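Participant: Structure file upload_23.txt (compact mmCIF, C-alpha atoms) is given on the next line.
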```
# COMPACT_ATOMS: atom_id res chain seq x y z
CA MET A 444 13.21 12.67 -13.77
CA HIS A 445 14.78 15.84 -12.35
CA PHE A 446 12.03 17.84 -14.09
CA TYR A 447 9.56 16.49 -11.48
CA ALA A 448 11.98 16.99 -8.58
CA ASN A 449 10.70 20.52 -8.09
CA PRO A 450 8.03 20.38 -5.32
CA THR A 451 5.99 23.22 -6.86
CA ARG A 452 5.90 21.48 -10.24
CA PHE A 453 5.10 18.16 -8.56
CA LEU A 454 2.27 19.71 -6.48
CA LYS A 455 0.72 21.19 -9.62
CA ILE A 456 0.60 17.74 -11.25
CA ALA A 457 -0.46 15.97 -8.02
CA ARG A 458 -3.38 18.39 -7.45
CA TRP A 459 -4.60 17.74 -10.98
CA LEU A 460 -4.16 13.95 -10.71
CA THR A 461 -5.37 13.03 -7.19
CA VAL A 462 -9.17 13.16 -7.61
CA PRO A 463 -9.35 11.53 -11.10
CA LEU A 464 -7.08 8.72 -9.86
CA LEU A 465 -9.23 8.28 -6.76
CA LEU A 466 -12.53 8.24 -8.69
CA ALA A 467 -11.19 5.89 -11.41
CA GLY A 468 -9.81 3.57 -8.72
CA LEU A 469 -13.08 3.54 -6.77
CA ALA A 470 -15.14 2.87 -9.92
CA LEU A 471 -12.89 0.09 -11.25
CA THR A 472 -12.40 -1.57 -7.84
CA GLY A 473 -16.14 -1.39 -7.09
CA ALA A 474 -16.96 -2.93 -10.48
CA ALA A 475 -14.33 -5.67 -10.07
CA LEU A 476 -15.56 -6.60 -6.58
CA ALA A 477 -19.22 -6.64 -7.69
CA TRP A 478 -18.22 -8.77 -10.70
CA SER A 479 -16.33 -11.21 -8.45
CA LEU A 480 -19.15 -11.47 -5.92
CA ILE A 481 -22.13 -11.68 -8.28
CA MET A 482 -20.97 -13.03 -11.65
CA LEU A 483 -18.21 -15.55 -10.90
CA PRO A 484 -19.19 -19.22 -10.95
CA PRO A 485 -18.01 -21.42 -8.04
CA ASP A 486 -14.72 -23.22 -8.70
CA ARG A 487 -14.63 -27.03 -8.99
CA LEU A 488 -12.14 -27.36 -6.11
CA MET A 489 -12.39 -24.15 -4.10
CA GLY A 490 -16.13 -23.63 -4.43
CA GLU A 491 -17.46 -20.16 -3.56
CA THR A 492 -14.19 -19.13 -1.87
CA VAL A 493 -12.63 -18.57 -5.31
CA ARG A 494 -14.30 -15.12 -5.10
CA ILE A 495 -11.57 -14.16 -2.59
CA LEU A 496 -8.91 -14.61 -5.31
CA PRO A 497 -9.14 -11.09 -6.87
CA ILE A 498 -8.88 -9.19 -3.56
CA HIS A 499 -6.20 -11.48 -2.13
CA VAL A 500 -3.92 -11.37 -5.18
CA ALA A 501 -4.43 -7.60 -5.70
CA THR A 502 -3.52 -6.80 -2.08
CA ALA A 503 -0.52 -9.18 -2.18
CA TRP A 504 0.75 -7.45 -5.33
CA LEU A 505 0.38 -4.01 -3.72
CA GLY A 506 2.06 -5.12 -0.48
CA MET A 507 5.13 -6.17 -2.49
CA ALA A 508 4.91 -3.26 -4.98
CA GLY A 509 4.78 -0.82 -2.03
CA TRP A 510 8.11 -2.00 -0.63
CA THR A 511 9.66 -2.12 -4.13
CA SER A 512 8.61 1.55 -4.53
CA ILE A 513 10.23 2.37 -1.17
CA ALA A 514 13.49 0.68 -2.29
CA ILE A 515 13.54 2.47 -5.68
CA ALA A 516 12.73 5.86 -4.12
CA SER A 517 15.38 5.26 -1.41
CA LEU A 518 18.00 4.46 -4.06
CA ILE A 519 17.09 7.63 -5.97
CA GLU A 520 17.31 9.60 -2.71
CA LEU A 521 20.79 8.25 -1.89
CA VAL A 522 22.28 8.40 -5.40
CA TRP A 523 20.70 11.50 -7.00
CA ARG A 524 19.61 13.43 -3.87
CA HIS A 525 16.17 13.77 -5.44
CA PRO A 526 14.26 16.08 -3.05
CA LEU A 527 10.93 14.28 -3.46
CA ALA A 528 12.25 10.72 -3.30
CA ALA A 529 12.34 10.51 0.52
CA ILE A 530 8.79 11.90 0.66
CA ALA A 531 7.60 9.37 -1.96
CA ALA A 532 9.21 6.50 -0.01
CA ARG A 533 7.61 7.65 3.25
CA ALA A 534 4.22 8.11 1.55
CA SER A 535 4.29 4.53 0.18
CA ALA A 536 4.85 2.89 3.58
CA VAL A 537 1.39 3.17 5.19
CA PRO A 538 -0.60 2.03 2.09
CA GLY A 539 1.92 -0.80 1.63
CA ALA A 540 1.45 -1.90 5.24
CA VAL A 541 -2.37 -1.71 5.01
CA PHE A 542 -2.45 -3.81 1.82
CA THR A 543 0.01 -6.34 3.29
CA PHE A 544 -2.25 -6.65 6.34
CA ALA A 545 -5.32 -7.01 4.05
CA CYS A 546 -3.50 -9.74 2.08
CA LEU A 547 -2.59 -11.67 5.25
CA ALA A 548 -6.11 -11.31 6.70
CA SER A 549 -7.93 -12.31 3.48
CA GLY A 550 -5.49 -15.20 2.98
CA SER A 551 -6.03 -16.45 6.51
CA ILE A 552 -9.82 -16.30 6.09
CA TRP A 553 -9.49 -18.13 2.74
CA ALA A 554 -7.20 -20.76 4.29
CA ARG A 555 -9.73 -21.91 6.90
CA PRO A 556 -12.31 -23.46 4.47
CA THR A 557 -9.71 -24.61 1.87
CA TRP A 558 -6.74 -25.81 4.00
CA GLY A 559 -8.64 -26.47 7.25
CA THR A 560 -6.47 -24.04 9.22
CA TRP A 561 -6.20 -20.25 9.67
CA TRP A 562 -2.39 -20.18 9.50
CA VAL A 563 0.68 -22.29 8.74
CA TRP A 564 4.28 -21.21 9.36
CA ASP A 565 5.45 -21.89 5.79
CA GLY A 566 7.74 -19.82 3.58
CA ARG A 567 5.07 -17.74 1.80
CA LEU A 568 2.97 -16.78 4.81
CA THR A 569 5.95 -16.18 7.10
CA SER A 570 7.85 -14.01 4.58
CA MET A 571 4.67 -11.98 4.00
CA LEU A 572 4.32 -11.50 7.77
CA VAL A 573 7.99 -10.40 7.88
CA LEU A 574 7.10 -7.81 5.19
CA LEU A 575 4.37 -6.40 7.46
CA PHE A 576 6.90 -6.12 10.34
CA LEU A 577 9.40 -4.42 7.99
CA TYR A 578 6.71 -1.86 7.07
CA LEU A 579 5.91 -1.21 10.75
CA GLY A 580 9.61 -0.77 11.54
CA TYR A 581 10.08 1.58 8.56
CA ILE A 582 7.03 3.68 9.54
CA ALA A 583 8.28 3.99 13.15
CA LEU A 584 11.82 4.84 11.98
CA THR A 585 10.78 7.53 9.48
CA ALA A 586 8.37 9.08 12.02
CA ALA A 587 11.13 9.20 14.68
CA LEU A 588 13.68 10.70 12.23
CA ALA A 589 11.18 13.34 11.08
CA ARG A 590 10.27 14.24 14.68
CA GLU A 591 13.95 14.66 15.61
CA GLY A 592 14.68 16.61 12.41
CA GLN A 593 17.28 14.00 11.38
CA PRO A 594 18.13 13.22 7.73
CA SER A 595 16.30 10.23 6.26
CA ARG A 596 19.42 8.38 5.00
CA ILE A 597 19.14 5.60 7.63
CA ALA A 598 15.54 4.97 6.57
CA ALA A 599 16.67 4.89 2.91
CA ILE A 600 19.29 2.22 3.71
CA PHE A 601 16.63 0.24 5.62
CA GLY A 602 14.33 0.53 2.59
CA ILE A 603 17.01 -0.81 0.22
CA VAL A 604 18.13 -3.66 2.53
CA GLY A 605 14.51 -4.70 3.19
CA VAL A 606 13.84 -5.28 -0.52
CA ILE A 607 15.68 -8.63 -0.21
CA ASN A 608 12.42 -9.97 1.26
CA ILE A 609 10.52 -9.39 -2.02
CA PRO A 610 12.24 -12.14 -4.11
CA ILE A 611 12.06 -14.40 -1.03
CA ILE A 612 8.25 -13.93 -0.94
CA ASN A 613 8.05 -14.47 -4.70
CA ARG A 614 10.17 -17.66 -4.78
CA SER A 615 9.11 -19.08 -1.38
CA VAL A 616 6.56 -21.48 -2.89
CA GLU A 617 9.28 -22.91 -5.17
CA TRP A 618 12.01 -23.14 -2.51
CA TRP A 619 10.03 -24.66 0.37
CA ASN A 620 7.15 -27.12 0.71
CA SER A 621 3.97 -25.19 1.22
CA LEU A 622 0.20 -25.53 1.38
CA HIS A 623 0.16 -22.35 -0.70
CA GLN A 624 -0.16 -23.00 -4.42
CA PRO A 625 2.74 -22.12 -6.78
CA ALA A 626 2.56 -18.94 -8.87
CA SER A 627 -0.43 -19.07 -11.24
CA ILE A 628 0.57 -15.99 -13.21
CA THR A 629 4.07 -15.48 -14.60
CA LEU A 630 5.31 -13.08 -17.27
CA GLY A 631 3.16 -13.69 -20.34
CA GLN A 632 1.54 -16.88 -18.98
CA SER A 633 -1.43 -17.68 -16.78
CA ALA A 634 -2.74 -20.96 -15.39
CA ILE A 635 -5.97 -19.24 -14.30
CA ASP A 636 -9.15 -19.70 -16.32
CA PRO A 637 -10.10 -16.42 -18.12
CA VAL A 638 -13.42 -16.41 -16.20
CA PHE A 639 -11.41 -15.76 -13.01
CA LEU A 640 -8.49 -13.94 -14.63
CA TRP A 641 -10.35 -10.85 -15.90
CA PRO A 642 -11.93 -9.81 -12.57
CA LEU A 643 -8.54 -10.46 -10.97
CA LEU A 644 -6.83 -8.10 -13.44
CA ALA A 645 -9.59 -5.49 -13.02
CA ALA A 646 -9.26 -5.61 -9.22
CA THR A 647 -5.47 -5.38 -9.44
CA VAL A 648 -5.61 -2.29 -11.70
CA GLY A 649 -8.40 -0.73 -9.56
CA PHE A 650 -6.56 -1.22 -6.27
CA SER A 651 -3.33 0.01 -7.90
CA LEU A 652 -5.07 3.27 -8.92
CA LEU A 653 -6.29 3.66 -5.32
CA PHE A 654 -2.74 2.98 -4.09
CA GLY A 655 -1.47 5.72 -6.42
CA ALA A 656 -4.13 8.14 -5.16
CA VAL A 657 -3.21 7.42 -1.52
CA VAL A 658 0.51 7.94 -2.22
CA LEU A 659 -0.25 11.30 -3.89
CA MET A 660 -2.48 12.37 -0.97
CA ARG A 661 0.17 11.39 1.59
CA MET A 662 2.93 13.15 -0.42
CA ARG A 663 0.81 16.31 -0.57
CA ALA A 664 0.22 16.12 3.20
CA LEU A 665 3.92 15.60 3.96
CA LEU A 666 4.93 18.47 1.63
CA ALA A 667 2.33 20.78 3.22
CA GLU A 668 3.65 19.92 6.71
CA ILE A 669 7.23 20.68 5.63
CA GLN A 670 6.17 23.98 4.04
CA THR A 671 4.16 25.00 7.14
CA GLU A 672 7.07 24.21 9.44
CA ALA A 673 9.55 26.10 7.24
CA ARG A 674 7.27 29.16 7.20
CA LEU A 675 6.75 29.12 10.99
CA ARG A 676 10.49 28.66 11.50
CA ARG A 677 11.27 31.65 9.25
CA ARG A 678 8.72 33.78 11.09
CA ALA A 679 10.18 32.75 14.46
CA GLN A 680 13.67 33.72 13.29
CA GLN A 681 12.40 37.10 12.10
CA ALA A 682 10.76 37.66 15.49
CA GLY A 683 13.94 36.56 17.28
CA LEU A 684 12.30 33.54 18.96
CA PRO A 685 14.03 30.12 19.30
CA SER A 686 12.74 28.14 16.31
CA GLU A 687 12.41 24.89 18.34
CA ASN A 688 9.15 26.34 19.72
CA PHE A 689 7.62 25.94 16.27
CA ALA A 690 9.00 22.55 15.26
CA MET B 973 -21.53 -38.36 5.40
CA ARG B 974 -19.51 -35.16 5.96
CA GLU B 975 -21.49 -32.01 6.46
CA SER B 976 -20.29 -29.37 3.98
CA LEU B 977 -19.01 -26.04 5.29
CA ASP B 978 -20.94 -22.91 4.31
CA GLN B 979 -18.28 -20.91 2.43
CA TRP B 980 -20.15 -17.62 2.04
CA PRO B 981 -19.39 -16.26 5.57
CA PHE B 982 -15.66 -16.60 4.74
CA VAL B 983 -16.14 -14.76 1.43
CA TRP B 984 -18.05 -11.91 3.14
CA ALA B 985 -15.49 -11.70 5.96
CA ALA B 986 -12.55 -11.45 3.52
CA TYR B 987 -14.33 -8.74 1.48
CA ALA B 988 -15.27 -6.83 4.65
CA VAL B 989 -11.66 -6.76 5.89
CA VAL B 990 -10.22 -5.62 2.54
CA VAL B 991 -12.95 -3.06 1.73
CA LEU B 992 -12.99 -1.54 5.24
CA ALA B 993 -9.17 -1.36 5.39
CA THR B 994 -9.07 0.33 1.94
CA LEU B 995 -11.85 2.82 2.77
CA ALA B 996 -10.25 3.67 6.14
CA LEU B 997 -6.90 4.25 4.39
CA LEU B 998 -8.52 6.48 1.74
CA GLY B 999 -10.52 8.47 4.30
CA TRP B 1000 -7.56 8.95 6.64
CA SER B 1001 -5.24 10.03 3.80
CA TRP B 1002 -7.84 12.46 2.40
CA VAL B 1003 -8.53 14.09 5.80
CA ALA B 1004 -4.79 14.28 6.64
CA MET B 1005 -4.08 15.94 3.26
CA GLN B 1006 -6.93 18.47 3.64
CA ARG B 1007 -5.85 19.35 7.19
CA ALA B 1008 -2.16 19.72 6.31
CA GLU B 1009 -2.91 21.92 3.26
CA LYS B 1010 -5.35 24.04 5.30
CA ARG B 1011 -2.69 24.59 8.01
CA ARG B 1012 -0.17 25.58 5.31
CA ASP B 1013 -2.61 28.06 3.74
CA GLU B 1014 -3.39 29.55 7.18
CA ALA B 1015 0.34 29.90 7.92
CA ARG B 1016 0.79 31.69 4.57
CA GLN B 1017 -2.03 34.14 5.28
CA ARG B 1018 -0.92 34.99 8.84
```
Kindly transcribe the structure held in the file into structure tokens.

Facilitator:
Amino acid sequence: MHFYANPTRFLKIARWLTVPLLLAGLALTGAALAWSLIMLPPDRLMGETVRILPIHVATAWLGMAGWTSIAIASLIELVWRHPLAAIAARASAVPGAVFTFACLASGSIWARPTWGTWWVWDGRLTSMLVLLFLYLGYIALTAALAREGQPSRIAAIFGIVGVINIPIINRSVEWWNSLHQPASITLGQSAIDPVFLWPLLAATVGFSLLFGAVVLMRMRALLAEIQTEARLRRRAQQAGLPSENFA
Amino acid sequence: MRESLDQWPFVWAAYAVVVLATLALLGWSWVAMQRAEKRRDEARQR
């Protein structure tokens, strides 16, 4: 793990990986969405709205995976002082928030024709909304800490504490009565017909590749900003100027 | 007899939200990365 902690080494790999990941993600996601829209038959109970399943489940998975990545990176930052861990955590926040929002929006649109309502305050929907608010809080906190030049340890603790919401989201349909259906896919088992399962898996892998590409792009941007600032600061010190002018 | 709801507008709306959000995220991240790396290269050359 420490082998990749070197920003120069990481940038070399990230530059090589970003575009292939982006293109593979776009191709697979595009194919999965076209497959879901054109090829899927209507479901006996849900009718045509079953086509929302692949995008809704894929975005829900990425919303939760995004915060899990933040928690793991935060733990690595606190325990091993890994120089890239804080940047990886910060880079995962915006894509995680966007996919959580996309999950809530697609779920709400799906709920109207199937449940007869846009929203219910049950365990699954509410805990997913709490996840979106956690993301927004984390994004605001990391931006404020970076602007003030403060260490990111508080954000790392927030990232680790916030992960408690992930098992709550996962188990909410078991713990509380809900209009939302129980988990259809568990480890090694699926209650979904293969006709619907394969486009769902393709969309999940495709969106995950895009998530990876976005995290790499955002890490590269954050690293470039840090390097620019460090260079300008050094130049200001050499010229005898107060470095705050260049922060 | 109950009139059945046309489900396709809901399908299109859900796809539009997810696809537009994803494309906006990709475009924003790409532009931010290009700009930040260009600024760093300019700072190196100065």

Participant: Give the residues of chain A that lie within 10 Å of chain B; count only C-alpha atoms, and format the answer as a PDB file with C-alpha atoms, in the coordinates of the input.

Facilitator:
```
ATOM      1  CA  THR A 461      -5.370  13.030  -7.190  1.00  0.00           C
ATOM      2  CA  LEU A 465      -9.230   8.280  -6.760  1.00  0.00           C
ATOM      3  CA  LEU A 469     -13.080   3.540  -6.770  1.00  0.00           C
ATOM      4  CA  THR A 472     -12.400  -1.570  -7.840  1.00  0.00           C
ATOM      5  CA  GLY A 473     -16.140  -1.390  -7.090  1.00  0.00           C
ATOM      6  CA  LEU A 476     -15.560  -6.600  -6.580  1.00  0.00           C
ATOM      7  CA  LEU A 480     -19.150 -11.470  -5.920  1.00  0.00           C
ATOM      8  CA  MET A 489     -12.390 -24.150  -4.100  1.00  0.00           C
ATOM      9  CA  GLY A 490     -16.130 -23.630  -4.430  1.00  0.00           C
ATOM     10  CA  GLU A 491     -17.460 -20.160  -3.560  1.00  0.00           C
ATOM     11  CA  THR A 492     -14.190 -19.130  -1.870  1.00  0.00           C
ATOM     12  CA  VAL A 493     -12.630 -18.570  -5.310  1.00  0.00           C
ATOM     13  CA  ARG A 494     -14.300 -15.120  -5.100  1.00  0.00           C
ATOM     14  CA  ILE A 495     -11.570 -14.160  -2.590  1.00  0.00           C
ATOM     15  CA  LEU A 496      -8.910 -14.610  -5.310  1.00  0.00           C
ATOM     16  CA  ILE A 498      -8.880  -9.190  -3.560  1.00  0.00           C
ATOM     17  CA  HIS A 499      -6.200 -11.480  -2.130  1.00  0.00           C
ATOM     18  CA  THR A 502      -3.520  -6.800  -2.080  1.00  0.00           C
ATOM     19  CA  ALA A 534       4.220   8.110   1.550  1.00  0.00           C
ATOM     20  CA  VAL A 537       1.390   3.170   5.190  1.00  0.00           C
ATOM     21  CA  PRO A 538      -0.600   2.030   2.090  1.00  0.00           C
ATOM     22  CA  VAL A 541      -2.370  -1.710   5.010  1.00  0.00           C
ATOM     23  CA  PHE A 542      -2.450  -3.810   1.820  1.00  0.00           C
ATOM     24  CA  PHE A 544      -2.250  -6.650   6.340  1.00  0.00           C
ATOM     25  CA  ALA A 545      -5.320  -7.010   4.050  1.00  0.00           C
ATOM     26  CA  CYS A 546      -3.500  -9.740   2.080  1.00  0.00           C
ATOM     27  CA  ALA A 548      -6.110 -11.310   6.700  1.00  0.00           C
ATOM     28  CA  SER A 549      -7.930 -12.310   3.480  1.00  0.00           C
ATOM     29  CA  GLY A 550      -5.490 -15.200   2.980  1.00  0.00           C
ATOM     30  CA  SER A 551      -6.030 -16.450   6.510  1.00  0.00           C
ATOM     31  CA  ILE A 552      -9.820 -16.300   6.090  1.00  0.00           C
ATOM     32  CA  TRP A 553      -9.490 -18.130   2.740  1.00  0.00           C
ATOM     33  CA  ALA A 554      -7.200 -20.760   4.290  1.00  0.00           C
ATOM     34  CA  ARG A 555      -9.730 -21.910   6.900  1.00  0.00           C
ATOM     35  CA  PRO A 556     -12.310 -23.460   4.470  1.00  0.00           C
ATOM     36  CA  THR A 557      -9.710 -24.610   1.870  1.00  0.00           C
ATOM     37  CA  PHE A 650      -6.560  -1.220  -6.270  1.00  0.00           C
ATOM     38  CA  LEU A 653      -6.290   3.660  -5.320  1.00  0.00           C
ATOM     39  CA  PHE A 654      -2.740   2.980  -4.090  1.00  0.00           C
ATOM     40  CA  ALA A 656      -4.130   8.140  -5.160  1.00  0.00           C
ATOM     41  CA  VAL A 657      -3.210   7.420  -1.520  1.00  0.00           C
ATOM     42  CA  VAL A 658       0.510   7.940  -2.220  1.00  0.00           C
ATOM     43  CA  LEU A 659      -0.250  11.300  -3.890  1.00  0.00           C
ATOM     44  CA  MET A 660      -2.480  12.370  -0.970  1.00  0.00           C
ATOM     45  CA  ARG A 661       0.170  11.390   1.590  1.00  0.00           C
ATOM     46  CA  MET A 662       2.930  13.150  -0.420  1.00  0.00           C
ATOM     47  CA  ARG A 663       0.810  16.310  -0.570  1.00  0.00           C
ATOM     48  CA  ALA A 664       0.220  16.120   3.200  1.00  0.00           C
ATOM     49  CA  LEU A 665       3.920  15.600   3.960  1.00  0.00           C
ATOM     50  CA  LEU A 666       4.930  18.470   1.630  1.00  0.00           C
ATOM     51  CA  ALA A 667       2.330  20.780   3.220  1.00  0.00           C
ATOM     52  CA  GLU A 668       3.650  19.920   6.710  1.00  0.00           C
ATOM     53  CA  ILE A 669       7.230  20.680   5.630  1.00  0.00           C
ATOM     54  CA  GLN A 670       6.170  23.980   4.040  1.00  0.00           C
ATOM     55  CA  THR A 671       4.160  25.000   7.140  1.00  0.00           C
ATOM     56  CA  GLU A 672       7.070  24.210   9.440  1.00  0.00           C
ATOM     57  CA  ALA A 673       9.550  26.100   7.240  1.00  0.00           C
ATOM     58  CA  ARG A 674       7.270  29.160   7.200  1.00  0.00           C
ATOM     59  CA  LEU A 675       6.750  29.120  10.990  1.00  0.00           C
ATOM     60  CA  ARG A 678       8.720  33.780  11.090  1.00  0.00           C
TER      61      ARG A 678
END
```

Participant: May I ask for the distance between CA of Leu488 in chain A and CA of Asp636 in chain A, given in Å to one decimal place?

Facilitator: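 CA of Asp636 in chain A lies 13.1 Å from CA of Leu488 in chain A.
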
Participant: What is the distance, in Å and to one decimal place, between CA of Asn620 in chain A and CA of Ala634 in chain A?

Facilitator: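 Calculated distance between CA of Asn620 in chain A and CA of Ala634 in chain A is 19.9 Å.
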
Participant: Applying 8 Å and all atoms listed in the file, which residues near range 565-572 of chain A remain after dropping the ones on its own chain fewer than 6 positions away? List them as number ranges by chain.

Facilitator: A: 543, 547, 608, 611-613, 615-616, 619-623

Participant: Find the distance between CA of Thr560 in chain A and CA of Leu643 in chain A and write it in Å to one decimal.

Facilitator: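 If I compute the distance from CA of Thr560 in chain A to CA of Leu643 in chain A, I get 24.4 Å.
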
Participant: First collect every listed atom of range 980-991 of chain B; then fit an axis-aligned box around them, widen it by 5 Å on each side, and give centre and edge lengths in Å to one decimal, as JSON.

Facilitator:
```
{"center_x": -15.2, "center_y": -10.3, "center_z": 3.7, "size_x": 19.9, "size_y": 24.6, "size_z": 14.5}
```
